[in-house]
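K.L.:
My structure is stored as target_23.pdb, with PDB, C-alpha atoms and all ligand atoms.
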ATOM      1  CA  ILE D   1     186.663  -3.981  31.890
ATOM      2  CA  ASP D   2     189.946  -5.200  33.219
ATOM      3  CA  TYR D   3     191.087  -7.380  30.322
ATOM      4  CA  ILE D   4     191.627  -4.411  28.053
ATOM      5  CA  GLU D   5     195.155  -3.235  28.311
ATOM      6  CA  HIS D   6     196.658  -0.261  26.579
ATOM      7  CA  CYS D   7     199.184  -1.103  24.001
ATOM      8  CA  ASN D   8     202.732  -0.838  25.206
ATOM      9  CA  ASP D   9     204.092   1.974  23.093
ATOM     10  CA  LEU D  10     207.107   2.775  25.217
ATOM     11  CA  LEU D  11     209.406  -0.006  24.229
ATOM     12  CA  SER D  12     211.865   0.535  21.397
ATOM     13  CA  TYR D  13     214.026  -2.168  19.843
ATOM     14  CA  LYS D  14     217.098  -0.724  21.593
ATOM     15  CA  GLU D  15     215.327  -1.115  24.920
ATOM     16  CA  PHE D  16     214.262  -4.615  23.878
ATOM     17  CA  GLN D  17     217.908  -5.544  23.289
ATOM     18  CA  LYS D  18     218.951  -3.908  26.552
ATOM     19  CA  PHE D  19     216.210  -5.106  28.839
ATOM     20  CA  GLY D  20     215.215  -8.334  27.154
ATOM     21  CA  THR D  21     211.780  -9.363  28.298
ATOM     22  CA  LYS D  22     211.816  -7.347  31.496
ATOM     23  CA  LYS D  23     209.742  -4.522  30.123
ATOM     24  CA  ALA D  24     207.097  -6.606  28.350
ATOM     25  CA  SER D  25     203.577  -5.978  29.550
ATOM     26  CA  ASP D  26     202.601  -8.300  32.394
ATOM     27  CA  ARG D  27     199.604  -9.568  30.468
ATOM     28  CA  SER D  28     201.554 -10.291  27.338
ATOM     29  CA  LYS D  29     203.993 -12.188  29.545
ATOM     30  CA  ALA D  30     201.151 -14.082  31.248
ATOM     31  CA  MET D  31     199.760 -15.087  27.829
ATOM     32  CA  VAL D  32     203.145 -16.443  26.784
ATOM     33  CA  GLU D  33     203.558 -18.296  30.092
ATOM     34  CA  GLN D  34     200.189 -19.925  29.545
ATOM     35  CA  LEU D  35     201.223 -21.063  26.056
ATOM     36  CA  GLN D  36     204.483 -22.402  27.505
ATOM     37  CA  HIS D  37     202.569 -24.191  30.240
ATOM     38  CA  PHE D  38     200.446 -26.016  27.642
ATOM     39  CA  GLY D  39     203.535 -26.900  25.618
ATOM     40  CA  VAL D  40     202.622 -24.710  22.642
ATOM     41  CA  ILE D  41     205.654 -22.448  22.998
ATOM     42  CA  THR D  42     208.873 -24.400  23.449
ATOM     43  CA  SER D  43     211.284 -21.902  21.900
ATOM     44  CA  LYS D  44     212.878 -19.256  24.123
ATOM     45  CA  LYS D  45     213.288 -16.853  21.217
ATOM     46  CA  VAL D  46     209.623 -17.150  20.201
ATOM     47  CA  ALA D  47     208.555 -16.600  23.824
ATOM     48  CA  GLU D  48     210.685 -13.449  24.010
ATOM     49  CA  VAL D  49     209.381 -12.031  20.765
ATOM     50  CA  MET D  50     205.718 -12.767  21.555
ATOM     51  CA  GLU D  51     206.067 -11.095  24.943
ATOM     52  CA  ILE D  52     207.637  -8.004  23.521
ATOM     53  CA  VAL D  53     205.321  -7.585  20.499
ATOM     54  CA  ASP D  54     202.236  -6.736  22.490
ATOM     55  CA  ARG D  55     199.023  -8.050  20.883
ATOM     56  CA  ALA D  56     197.175  -5.138  22.474
ATOM     57  CA  CYS D  57     198.709  -2.945  19.727
ATOM     58  CA  PHE D  58     197.161  -5.160  17.017
ATOM     59  CA  VAL D  59     193.502  -5.661  17.958
ATOM     60  CA  PRO D  60     190.678  -3.113  17.597
ATOM     61  CA  ASP D  61     189.696  -1.129  20.694
ATOM     62  CA  GLY D  62     187.439  -3.172  22.963
ATOM     63  CA  THR D  63     188.783  -6.538  21.774
ATOM     64  CA  PRO D  64     190.512  -8.703  24.404
ATOM     65  CA  PRO D  65     194.070  -9.052  23.103
ATOM     66  CA  TYR D  66     195.381 -12.024  25.083
ATOM     67  CA  VAL D  67     192.542 -14.551  24.773
ATOM     68  CA  ASP D  68     193.691 -17.625  22.843
ATOM     69  CA  SER D  69     191.297 -17.378  19.929
ATOM     70  CA  PRO D  70     191.075 -15.480  16.643
ATOM     71  CA  MET D  71     189.469 -12.012  16.879
ATOM     72  CA  GLN D  72     187.616  -9.970  14.256
ATOM     73  CA  ILE D  73     189.655  -7.138  12.741
ATOM     74  CA  GLY D  74     187.054  -6.074  10.122
ATOM     75  CA  TYR D  75     186.734  -6.886   6.381
ATOM     76  CA  ASN D  76     185.485 -10.416   7.194
ATOM     77  CA  VAL D  77     188.846 -11.507   8.638
ATOM     78  CA  THR D  78     190.522 -12.156  11.975
ATOM     79  CA  ILE D  79     193.845 -11.793  13.719
ATOM     80  CA  SER D  80     194.947 -15.394  14.242
ATOM     81  CA  ALA D  81     194.951 -16.943  17.716
ATOM     82  CA  PRO D  82     198.158 -16.621  19.759
ATOM     83  CA  HIS D  83     198.760 -20.398  19.627
ATOM     84  CA  MET D  84     198.726 -20.287  15.799
ATOM     85  CA  HIS D  85     201.148 -17.351  15.742
ATOM     86  CA  ALA D  86     203.380 -19.274  18.149
ATOM     87  CA  MET D  87     203.244 -22.465  16.081
ATOM     88  CA  CYS D  88     204.097 -20.669  12.830
ATOM     89  CA  LEU D  89     206.954 -18.708  14.432
ATOM     90  CA  GLN D  90     208.404 -21.948  15.771
ATOM     91  CA  LEU D  91     208.067 -23.754  12.447
ATOM     92  CA  LEU D  92     209.923 -20.862  10.835
ATOM     93  CA  GLU D  93     212.426 -20.115  13.603
ATOM     94  CA  GLU D  94     215.480 -21.497  11.760
ATOM     95  CA  ASN D  95     214.504 -19.366   8.749
ATOM     96  CA  LEU D  96     214.079 -16.193  10.798
ATOM     97  CA  LYS D  97     217.653 -15.832  12.016
ATOM     98  CA  PRO D  98     219.215 -12.347  12.110
ATOM     99  CA  GLY D  99     219.839 -11.048   8.592
ATOM    100  CA  MET D 100     217.332 -13.379   6.902
ATOM    101  CA  ARG D 101     214.377 -12.398   4.675
ATOM    102  CA  ALA D 102     210.755 -13.143   5.502
ATOM    103  CA  LEU D 103     207.474 -12.656   3.650
ATOM    104  CA  ASP D 104     204.091 -12.626   5.420
ATOM    105  CA  VAL D 105     201.226 -13.083   2.927
ATOM    106  CA  GLY D 106     197.825 -11.930   4.224
ATOM    107  CA  SER D 107     199.514  -9.854   6.911
ATOM    108  CA  GLY D 108     196.176  -8.594   8.306
ATOM    109  CA  SER D 109     196.763  -6.937  11.688
ATOM    110  CA  GLY D 110     200.528  -6.896  11.102
ATOM    111  CA  TYR D 111     201.251  -8.862  14.279
ATOM    112  CA  LEU D 112     203.262 -11.680  12.735
ATOM    113  CA  THR D 113     205.090  -9.348  10.332
ATOM    114  CA  ALA D 114     206.195  -7.363  13.405
ATOM    115  CA  CYS D 115     207.404 -10.575  15.096
ATOM    116  CA  PHE D 116     209.323 -11.490  11.924
ATOM    117  CA  ALA D 117     210.992  -8.053  11.946
ATOM    118  CA  LEU D 118     212.238  -8.552  15.516
ATOM    119  CA  MET D 119     213.536 -12.014  14.724
ATOM    120  CA  VAL D 120     215.430 -11.133  11.527
ATOM    121  CA  GLY D 121     216.668  -7.852  13.051
ATOM    122  CA  PRO D 122     217.680  -4.621  11.359
ATOM    123  CA  GLU D 123     219.997  -6.414   8.877
ATOM    124  CA  GLY D 124     217.161  -8.689   7.742
ATOM    125  CA  ARG D 125     213.943  -7.984   5.870
ATOM    126  CA  ALA D 126     210.320  -8.520   6.914
ATOM    127  CA  VAL D 127     207.704  -7.906   4.223
ATOM    128  CA  GLY D 128     203.940  -7.993   4.719
ATOM    129  CA  VAL D 129     201.528  -8.306   1.782
ATOM    130  CA  GLU D 130     197.800  -7.792   2.216
ATOM    131  CA  HIS D 131     195.010  -7.280  -0.333
ATOM    132  CA  ILE D 132     192.806  -4.939   1.739
ATOM    133  CA  PRO D 133     194.370  -1.449   1.583
ATOM    134  CA  GLU D 134     192.564  -0.344   4.767
ATOM    135  CA  LEU D 135     194.157  -3.236   6.662
ATOM    136  CA  VAL D 136     197.580  -2.306   5.305
ATOM    137  CA  ASN D 137     197.055   1.206   6.691
ATOM    138  CA  SER D 138     195.791   0.053  10.075
ATOM    139  CA  SER D 139     198.561  -2.558  10.363
ATOM    140  CA  ILE D 140     201.149   0.173   9.820
ATOM    141  CA  LEU D 141     199.538   2.205  12.623
ATOM    142  CA  ASN D 142     199.550  -0.915  14.827
ATOM    143  CA  ILE D 143     203.227  -1.586  14.143
ATOM    144  CA  ARG D 144     204.073   2.077  14.902
ATOM    145  CA  LYS D 145     202.639   1.577  18.400
ATOM    146  CA  SER D 146     204.554  -1.663  18.922
ATOM    147  CA  ALA D 147     208.106  -2.757  19.713
ATOM    148  CA  ALA D 148     208.686  -3.134  15.957
ATOM    149  CA  ALA D 149     208.185   0.588  15.204
ATOM    150  CA  SER D 150     211.877   1.305  14.645
ATOM    151  CA  PHE D 151     212.098  -1.378  11.927
ATOM    152  CA  LEU D 152     209.339   0.355  10.003
ATOM    153  CA  GLU D 153     211.165   3.686  10.283
ATOM    154  CA  GLN D 154     214.476   2.210   9.303
ATOM    155  CA  GLY D 155     212.958   0.273   6.363
ATOM    156  CA  SER D 156     213.743  -3.355   7.252
ATOM    157  CA  LEU D 157     209.984  -3.844   7.794
ATOM    158  CA  THR D 158     207.509  -2.908   5.054
ATOM    159  CA  VAL D 159     203.832  -3.678   4.413
ATOM    160  CA  HIS D 160     202.341  -3.518   0.928
ATOM    161  CA  VAL D 161     199.037  -3.826  -0.820
ATOM    162  CA  GLY D 162     199.932  -7.031  -2.656
ATOM    163  CA  GLY D 163     199.942  -7.030  -6.393
ATOM    164  CA  ILE D 164     201.660  -6.581  -9.681
ATOM    165  CA  SER D 165     200.786  -4.486 -12.662
ATOM    166  CA  LEU D 166     199.249  -6.426 -15.494
ATOM    167  CA  GLU D 167     198.923  -5.182 -19.027
ATOM    168  CA  THR D 168     195.593  -6.207 -20.412
ATOM    169  CA  GLN D 169     194.733  -5.891 -24.062
ATOM    170  CA  ASN D 170     191.246  -4.751 -24.828
ATOM    171  CA  SER D 171     190.711  -6.438 -28.172
ATOM    172  CA  TRP D 172     187.540  -4.524 -28.873
ATOM    173  CA  GLU D 173     189.190  -1.110 -28.941
ATOM    174  CA  ASN D 174     192.635  -2.614 -29.310
ATOM    175  CA  ARG D 175     194.009  -0.526 -26.442
ATOM    176  CA  THR D 176     196.304  -1.537 -23.607
ATOM    177  CA  PHE D 177     195.352  -0.887 -19.990
ATOM    178  CA  ILE D 178     197.477  -1.243 -16.916
ATOM    179  CA  SER D 179     195.511  -2.649 -13.999
ATOM    180  CA  THR D 180     196.826  -3.568 -10.584
ATOM    181  CA  VAL D 181     195.961  -6.936  -9.159
ATOM    182  CA  ALA D 182     196.145  -7.008  -5.381
ATOM    183  CA  ASP D 183     196.811 -10.636  -4.702
ATOM    184  CA  GLY D 184     199.230 -12.096  -2.199
ATOM    185  CA  ARG D 185     199.088 -15.376  -4.123
ATOM    186  CA  LEU D 186     201.601 -13.699  -6.433
ATOM    187  CA  GLY D 187     203.971 -13.153  -3.507
ATOM    188  CA  TRP D 188     206.214 -10.087  -3.471
ATOM    189  CA  PRO D 189     208.925 -10.544  -6.135
ATOM    190  CA  GLU D 190     210.723  -7.254  -5.329
ATOM    191  CA  ASP D 191     212.346  -8.635  -2.176
ATOM    192  CA  ALA D 192     212.597 -12.299  -3.223
ATOM    193  CA  PRO D 193     214.068 -14.807  -2.639
ATOM    194  CA  TYR D 194     212.970 -15.414   0.962
ATOM    195  CA  ASP D 195     214.272 -17.667   3.723
ATOM    196  CA  ALA D 196     210.799 -17.789   5.263
ATOM    197  CA  ILE D 197     207.311 -17.339   3.796
ATOM    198  CA  HIS D 198     204.167 -17.455   5.917
ATOM    199  CA  VAL D 199     200.630 -17.391   4.580
ATOM    200  CA  GLY D 200     197.926 -16.302   7.031
ATOM    201  CA  ALA D 201     194.906 -17.505   5.032
ATOM    202  CA  ALA D 202     193.943 -20.920   3.623
ATOM    203  CA  ALA D 203     194.834 -21.542  -0.030
ATOM    204  CA  LYS D 204     192.986 -23.988  -2.317
ATOM    205  CA  GLU D 205     196.419 -25.104  -3.476
ATOM    206  CA  ILE D 206     199.970 -23.928  -2.864
ATOM    207  CA  PRO D 207     200.569 -20.904  -5.145
ATOM    208  CA  GLN D 208     203.555 -21.620  -7.426
ATOM    209  CA  PRO D 209     204.898 -18.010  -7.225
ATOM    210  CA  LEU D 210     205.425 -18.515  -3.482
ATOM    211  CA  ILE D 211     207.493 -21.656  -4.072
ATOM    212  CA  ASP D 212     209.427 -19.809  -6.794
ATOM    213  CA  GLN D 213     210.184 -16.966  -4.349
ATOM    214  CA  LEU D 214     211.697 -19.314  -1.732
ATOM    215  CA  LYS D 215     215.479 -19.565  -1.415
ATOM    216  CA  PRO D 216     217.019 -23.020  -1.577
ATOM    217  CA  GLY D 217     216.973 -23.956   2.119
ATOM    218  CA  GLY D 218     213.889 -21.750   2.571
ATOM    219  CA  ARG D 219     210.624 -22.765   4.200
ATOM    220  CA  LEU D 220     206.981 -21.900   3.425
ATOM    221  CA  VAL D 221     204.251 -22.421   6.044
ATOM    222  CA  ILE D 222     200.753 -22.316   4.550
ATOM    223  CA  PRO D 223     197.283 -23.544   5.475
ATOM    224  CA  VAL D 224     195.842 -25.511   2.548
ATOM    225  CA  GLY D 225     192.259 -26.659   2.041
ATOM    226  CA  ASN D 226     188.684 -25.505   2.102
ATOM    227  CA  ILE D 227     186.625 -26.481   5.158
ATOM    228  CA  PHE D 228     189.162 -29.080   6.221
ATOM    229  CA  GLN D 229     192.573 -27.496   6.179
ATOM    230  CA  ASP D 230     196.098 -28.664   6.885
ATOM    231  CA  LEU D 231     198.958 -26.452   7.905
ATOM    232  CA  GLN D 232     201.560 -27.485   5.342
ATOM    233  CA  VAL D 233     205.291 -27.060   5.686
ATOM    234  CA  VAL D 234     207.061 -26.728   2.339
ATOM    235  CA  ASP D 235     210.852 -26.967   2.384
ATOM    236  CA  LYS D 236     212.858 -26.020  -0.675
ATOM    237  CA  ASN D 237     215.890 -28.298  -0.690
ATOM    238  CA  LEU D 238     219.343 -27.116  -1.716
ATOM    239  CA  ASP D 239     218.951 -28.870  -5.095
ATOM    240  CA  GLY D 240     215.742 -26.886  -5.719
ATOM    241  CA  SER D 241     213.351 -29.808  -5.160
ATOM    242  CA  VAL D 242     210.583 -29.373  -2.582
ATOM    243  CA  SER D 243     209.436 -31.551   0.325
ATOM    244  CA  ILE D 244     205.937 -31.059   1.716
ATOM    245  CA  ARG D 245     204.462 -32.328   4.982
ATOM    246  CA  SER D 246     201.316 -31.599   6.974
ATOM    247  CA  GLU D 247     201.867 -30.284  10.476
ATOM    248  CA  THR D 248     198.308 -30.249  11.841
ATOM    249  CA  SER D 249     194.653 -29.511  11.056
ATOM    250  CA  VAL D 250     193.764 -25.832  11.167
ATOM    251  CA  ARG D 251     190.962 -23.372  10.482
ATOM    252  CA  TYR D 252     191.859 -20.140   8.675
ATOM    253  CA  VAL D 253     189.902 -17.612   6.611
ATOM    254  CA  PRO D 254     190.321 -18.242   2.851
ATOM    255  CA  LEU D 255     193.151 -16.889   0.701
ATOM    256  CA  THR D 256     190.911 -15.519  -2.005
ATOM    257  CA  SER D 257     190.049 -12.503  -4.148
ATOM    258  CA  ARG D 258     189.156  -9.196  -2.538
ATOM    259  CA  GLU D 259     185.630  -9.383  -4.046
ATOM    260  CA  ALA D 260     184.960 -12.871  -2.637
ATOM    261  CA  GLN D 261     186.243 -11.879   0.799
ATOM    262  CA  LEU D 262     184.139  -8.730   1.032
ATOM    263  CA  LEU D 263     180.850 -10.409  -0.054
ATOM    264  CA  GLY D 264     178.215  -9.373   2.474
ATOM    265  CA  TYR D 265     180.613  -7.127   4.403
TER     266      TYR D 265
HETATM  267  N1  LIG D 301     198.416 -13.276  10.234
HETATM  268  C1  LIG D 301     197.300 -12.344  10.110
HETATM  269  C2  LIG D 301     196.138 -13.096   9.508
HETATM  270  C3  LIG D 301     195.016 -12.234   9.109
HETATM  271  S1  LIG D 301     193.649 -13.157   8.406
HETATM  272  C4  LIG D 301     196.960 -11.843  11.502
HETATM  273  O1  LIG D 301     197.106 -12.628  12.431
HETATM  274  O2  LIG D 301     196.548 -10.696  11.661
HETATM  275  C5  LIG D 301     194.176 -13.422   6.759
HETATM  276  C6  LIG D 301     194.481 -12.178   5.960
HETATM  277  O3  LIG D 301     194.714 -12.583   4.625
HETATM  278  C7  LIG D 301     193.347 -11.175   5.916
HETATM  279  O4  LIG D 301     193.838  -9.927   6.345
HETATM  280  C8  LIG D 301     192.934 -11.128   4.443
HETATM  281  O5  LIG D 301     192.520  -9.843   4.017
HETATM  282  C9  LIG D 301     194.218 -11.574   3.762
HETATM  283  N2  LIG D 301     194.050 -12.177   2.438
HETATM  284  C10 LIG D 301     193.118 -13.093   2.024
HETATM  285  N3  LIG D 301     193.303 -13.390   0.730
HETATM  286  C11 LIG D 301     194.379 -12.656   0.305
HETATM  287  C12 LIG D 301     195.065 -12.527  -0.940
HETATM  288  N4  LIG D 301     194.682 -13.205  -2.022
HETATM  289  N5  LIG D 301     196.117 -11.692  -1.010
HETATM  290  C13 LIG D 301     196.532 -10.980   0.075
HETATM  291  N6  LIG D 301     195.926 -11.048   1.278
HETATM  292  C14 LIG D 301     194.860 -11.893   1.389
END
For this file, write the structure as structure tokens.
Ligand code: SAH
P.N.:
Amino acid sequence: IDYIEHCNDLLSYKEFQKFGTKKASDRSKAMVEQLQHFGVITSKKVAEVMEIVDRACFVPDGTPPYVDSPMQIGYNVTISAPHMHAMCLQLLEENLKPGMRALDVGSGSGYLTACFALMVGPEGRAVGVEHIPELVNSSILNIRKSAAASFLEQGSLTVHVGGISLETQNSWENRTFISTVADGRLGWPEDAPYDAIHVGAAAKEIPQPLIDQLKPGGRLVIPVGNIFQDLQVVDKNLDGSVSIRSETSVRYVPLTSREAQLLGY
């Protein structure tokens, strides 16, 4: 099967800086050229990063990496289509400058978190939050095979099982329990505030903690809706007020509880 390409595990960030796009896999490059041809990718930086972060490192064996559609990655979810990754990277480009902080909620395969890490560089911070622990583990393995591996080693890129510890009072026995809630809707306060927040699953409404964790001047890109969804762009203005606009209609898996997502899986 000739569309399956081995993930390019030879390229380090140092080589990326030295060689630019020259060492990207030919197929990754062809995918980007196609997206440029159709006017989806207009940014040079986004083209570079999407060439160098090879999707072949982020899809399960036997899945065609460069086809422009979402692909199953297990647990009832998908890696988003390349054109959606491109669109979100471009919407966030000004908020992914070197040294900036980015949060990727519902990081799934880890692909976009890896792209964020390359864009913000070693002085920045790229944080992935995902509620399926198995996906967190596999995304870390994916990133290790990719051009973003050195960021993981050096600590500017991290992926977490989302959640905070909640103290719940059991009134019956009057005892206190600590339970962890894995939910990216709570964001990741430890590394807040962020210049850029991306959500990779459709929310019923915009979670307030994500707005709270944005820097003034920061931008949140989030699909909102149920069956009919809009990709919303939320800008936090310097005075702390927020402006919201809809970019386009989209179709994402829901941002939901772990139990609801795994029903029937
Ligand atoms: N950008 C990712 C998208 C993966 S699909 C990629 O391209 O690979 C959306 C992801 O959101 C899934 O991995 C799913 O498990 C996760 N998700 C859904 N609801 C969530 C929640 N409440 N908290 C954290 N992650 C969630």
K.L.:
Using all atoms listed in the file, can you tell me which of D:Glu259, D:Glu93, D:Glu123, D:Asp230 comes closest to ligand LIG 301 (chain D)?
P.N.:
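For ligand LIG 301 (chain D), the nearest of the given residues is D:Glu259.
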K.L.:
Could you make a table, as CSV, of the residues of chain D that have an atom within 7 Å of an atom of ligand LIG 301 (chain D), each with its nearest atom pair and distance in Å to one decimal, counting all atoms listed in the file, in chain and number order?
P.N.:
residue,atom,partner,partner_atom,distance
D:Tyr75,CA,D:LIG301,O5,6.9
D:Val77,CA,D:LIG301,S1,5.1
D:Thr78,CA,D:LIG301,S1,4.8
D:Ile79,CA,D:LIG301,O2,3.6
D:Ser80,CA,D:LIG301,O1,3.9
D:Val105,CA,D:LIG301,C13,5.9
D:Gly106,CA,D:LIG301,O3,3.2
D:Ser107,CA,D:LIG301,C1,4.6
D:Gly108,CA,D:LIG301,O4,3.3
D:Ser109,CA,D:LIG301,O2,3.8
D:Gly110,CA,D:LIG301,O2,5.5
D:Tyr111,CA,D:LIG301,O2,5.7
D:Leu112,CA,D:LIG301,N1,5.7
D:Val129,CA,D:LIG301,C13,5.9
D:Glu130,CA,D:LIG301,N6,3.9
D:His131,CA,D:LIG301,C13,4.0
D:Ile132,CA,D:LIG301,O5,5.4
D:Leu135,CA,D:LIG301,O4,6.7
D:Gly162,CA,D:LIG301,C13,5.9
D:Ala182,CA,D:LIG301,N5,6.4
D:Asp183,CA,D:LIG301,N5,3.9
D:Gly184,CA,D:LIG301,N5,3.4
D:Arg185,CA,D:LIG301,N4,5.3
D:Gly200,CA,D:LIG301,C2,4.4
D:Ala201,CA,D:LIG301,C5,4.5
D:Val253,CA,D:LIG301,C5,6.0
D:Pro254,CA,D:LIG301,C10,5.9
D:Leu255,CA,D:LIG301,N3,3.5
D:Thr256,CA,D:LIG301,N3,4.2
D:Ser257,CA,D:LIG301,N4,5.1
D:Arg258,CA,D:LIG301,N3,6.7
K.L.:
Considering all atoms listed in the file, return as a PDB file with C-alpha atoms, in the frame of the given file whatever protein or nucleic-acid residues lie within 9 Å of Pro133 (chain D), sequence-local ones (same chain, fewer than 4 positions apart) excluded.
P.N.:
ATOM      1  CA  ASN D 137     197.055   1.206   6.691  1.00  0.00           C
ATOM      2  CA  SER D 138     195.791   0.053  10.075  1.00  0.00           C
ATOM      3  CA  HIS D 160     202.341  -3.518   0.928  1.00  0.00           C
ATOM      4  CA  VAL D 161     199.037  -3.826  -0.820  1.00  0.00           C
ATOM      5  CA  GLY D 162     199.932  -7.031  -2.656  1.00  0.00           C
TER       6      GLY D 162
END
K.L.:
Given only C-alpha atoms as the basis, pick out the residue of D:Gln154, D:Thr42, D:Gln213, D:Ser28 nearest to Ile197 (chain D).
P.N.:
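Of the candidates, the smallest distance to Ile197 (chain D) is held by D:Gln213.
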K.L.:
Report the closest atom pair, with its distance in Å rounded to one decimal, for each residue of region 210-252 of chain D that has an atom no farther than 12 Å from region 188-192 of chain D; count only C-alpha atoms, sort by chain and then rising residue number, and write it as a tab-separated table.
P.N.:
residue	atom	partner	partner_atom	distance
D:Leu210	CA	D:Trp188	CA	8.5
D:Ile211	CA	D:Ala192	CA	10.7
D:Asp212	CA	D:Ala192	CA	8.9
D:Gln213	CA	D:Ala192	CA	5.4
D:Leu214	CA	D:Ala192	CA	7.2
D:Lys215	CA	D:Ala192	CA	8.0
D:Pro216	CA	D:Ala192	CA	11.7
D:Gly218	CA	D:Ala192	CA	11.2
K.L.:
Report, in Å with one decimal, the straight-line distance from CA of Gly121 (chain D) to CA of Lys45 (chain D).
P.N.:
12.6 Å
K.L.:
Do you know which residues the PyMOL selection byres (((chain D and resi 94) around 12) and not hetatm) returns on this file, as a list in words?
P.N.:
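Taken over the shown coordinates, the PyMOL selection byres (((chain D and resi 94) around 12) and not hetatm) returns Ser43, Lys45, Val46, Cys88, Leu89, Gln90, Leu91, Leu92, Glu93, Asn95, Leu96, Lys97, Pro98, Gly99, Met100, Arg101, Ala102, Phe116, Met119, Val120, Asp195, Ala196, Gly217, Gly218, Arg219, Leu220 and Asp235 of chain D.
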K.L.:
Please determine, counting all atoms listed in the file, which residue among D:Met87, D:Met31, D:Leu262, D:Leu103 has the shortest atom-to-atom distance to Pro64 (chain D).
P.N.:
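Under the stated criterion, the closest residue is D:Met31.
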K.L.:
Provide the CA of Lys145 (chain D) to CA of Pro223 (chain D) distance in Å, to one decimal place.
P.N.:
28.8 Å
K.L.:
Could you tell me how far CA of His198 (chain D) sits from CA of Val224 (chain D), in Å to one decimal place?
P.N.:
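Spanning CA of Val224 (chain D) to CA of His198 (chain D) is a straight-line distance of 12.1 Å.
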K.L.:
For a quick check of understanding, using all atoms listed in the file, which of D:Cys115, D:Ala30, D:Ala86, D:Ala147 has the smallest distance to Cys57 (chain D)?
P.N.:
D:Ala147
K.L.:
Quick check on the file I pasted: which residues fall under the PyMOL selection byres (((chain D and resi 155) around 12) and not hetatm)? Write them as a VMD selection string.
P.N.:
chain D and resid 117 121 to 127 148 to 154 156 to 159
K.L.:
Decode the PyMOL selection byres (((chain D and resi 232) around 9) and not hetatm) for the given file into explicit residues and return them as a PyMOL selection string.
P.N.:
chain D and resi 220-224+230-231+233-234+244-248
K.L.:
Box time for region 28-35 of chain D: axis-aligned, enclosing all its listed atoms, 6 Å extra on each side; report centre and edge lengths in Å to one decimal, as lines of an AutoDock Vina configuration file.
P.N.:
center_x = 201.9
center_y = -15.7
center_z = 28.7
size_x = 16.2
size_y = 22.8
size_z = 17.2
K.L.:
Near Ser25 (chain D), counting all atoms listed in the file, which residues have an atom at most 8 Å away, once you skip same-chain residues fewer than 4 positions from it, shown as a VMD selection string?
P.N.:
chain D and resid 8 29 51 to 52 54
K.L.:
Tell me which of D:Ile140, D:Ala56, D:Met50, D:His83 sits closest to Ser69 (chain D), counting only C-alpha atoms.
P.N.:
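For Ser69 (chain D), the nearest of the given residues is D:His83.
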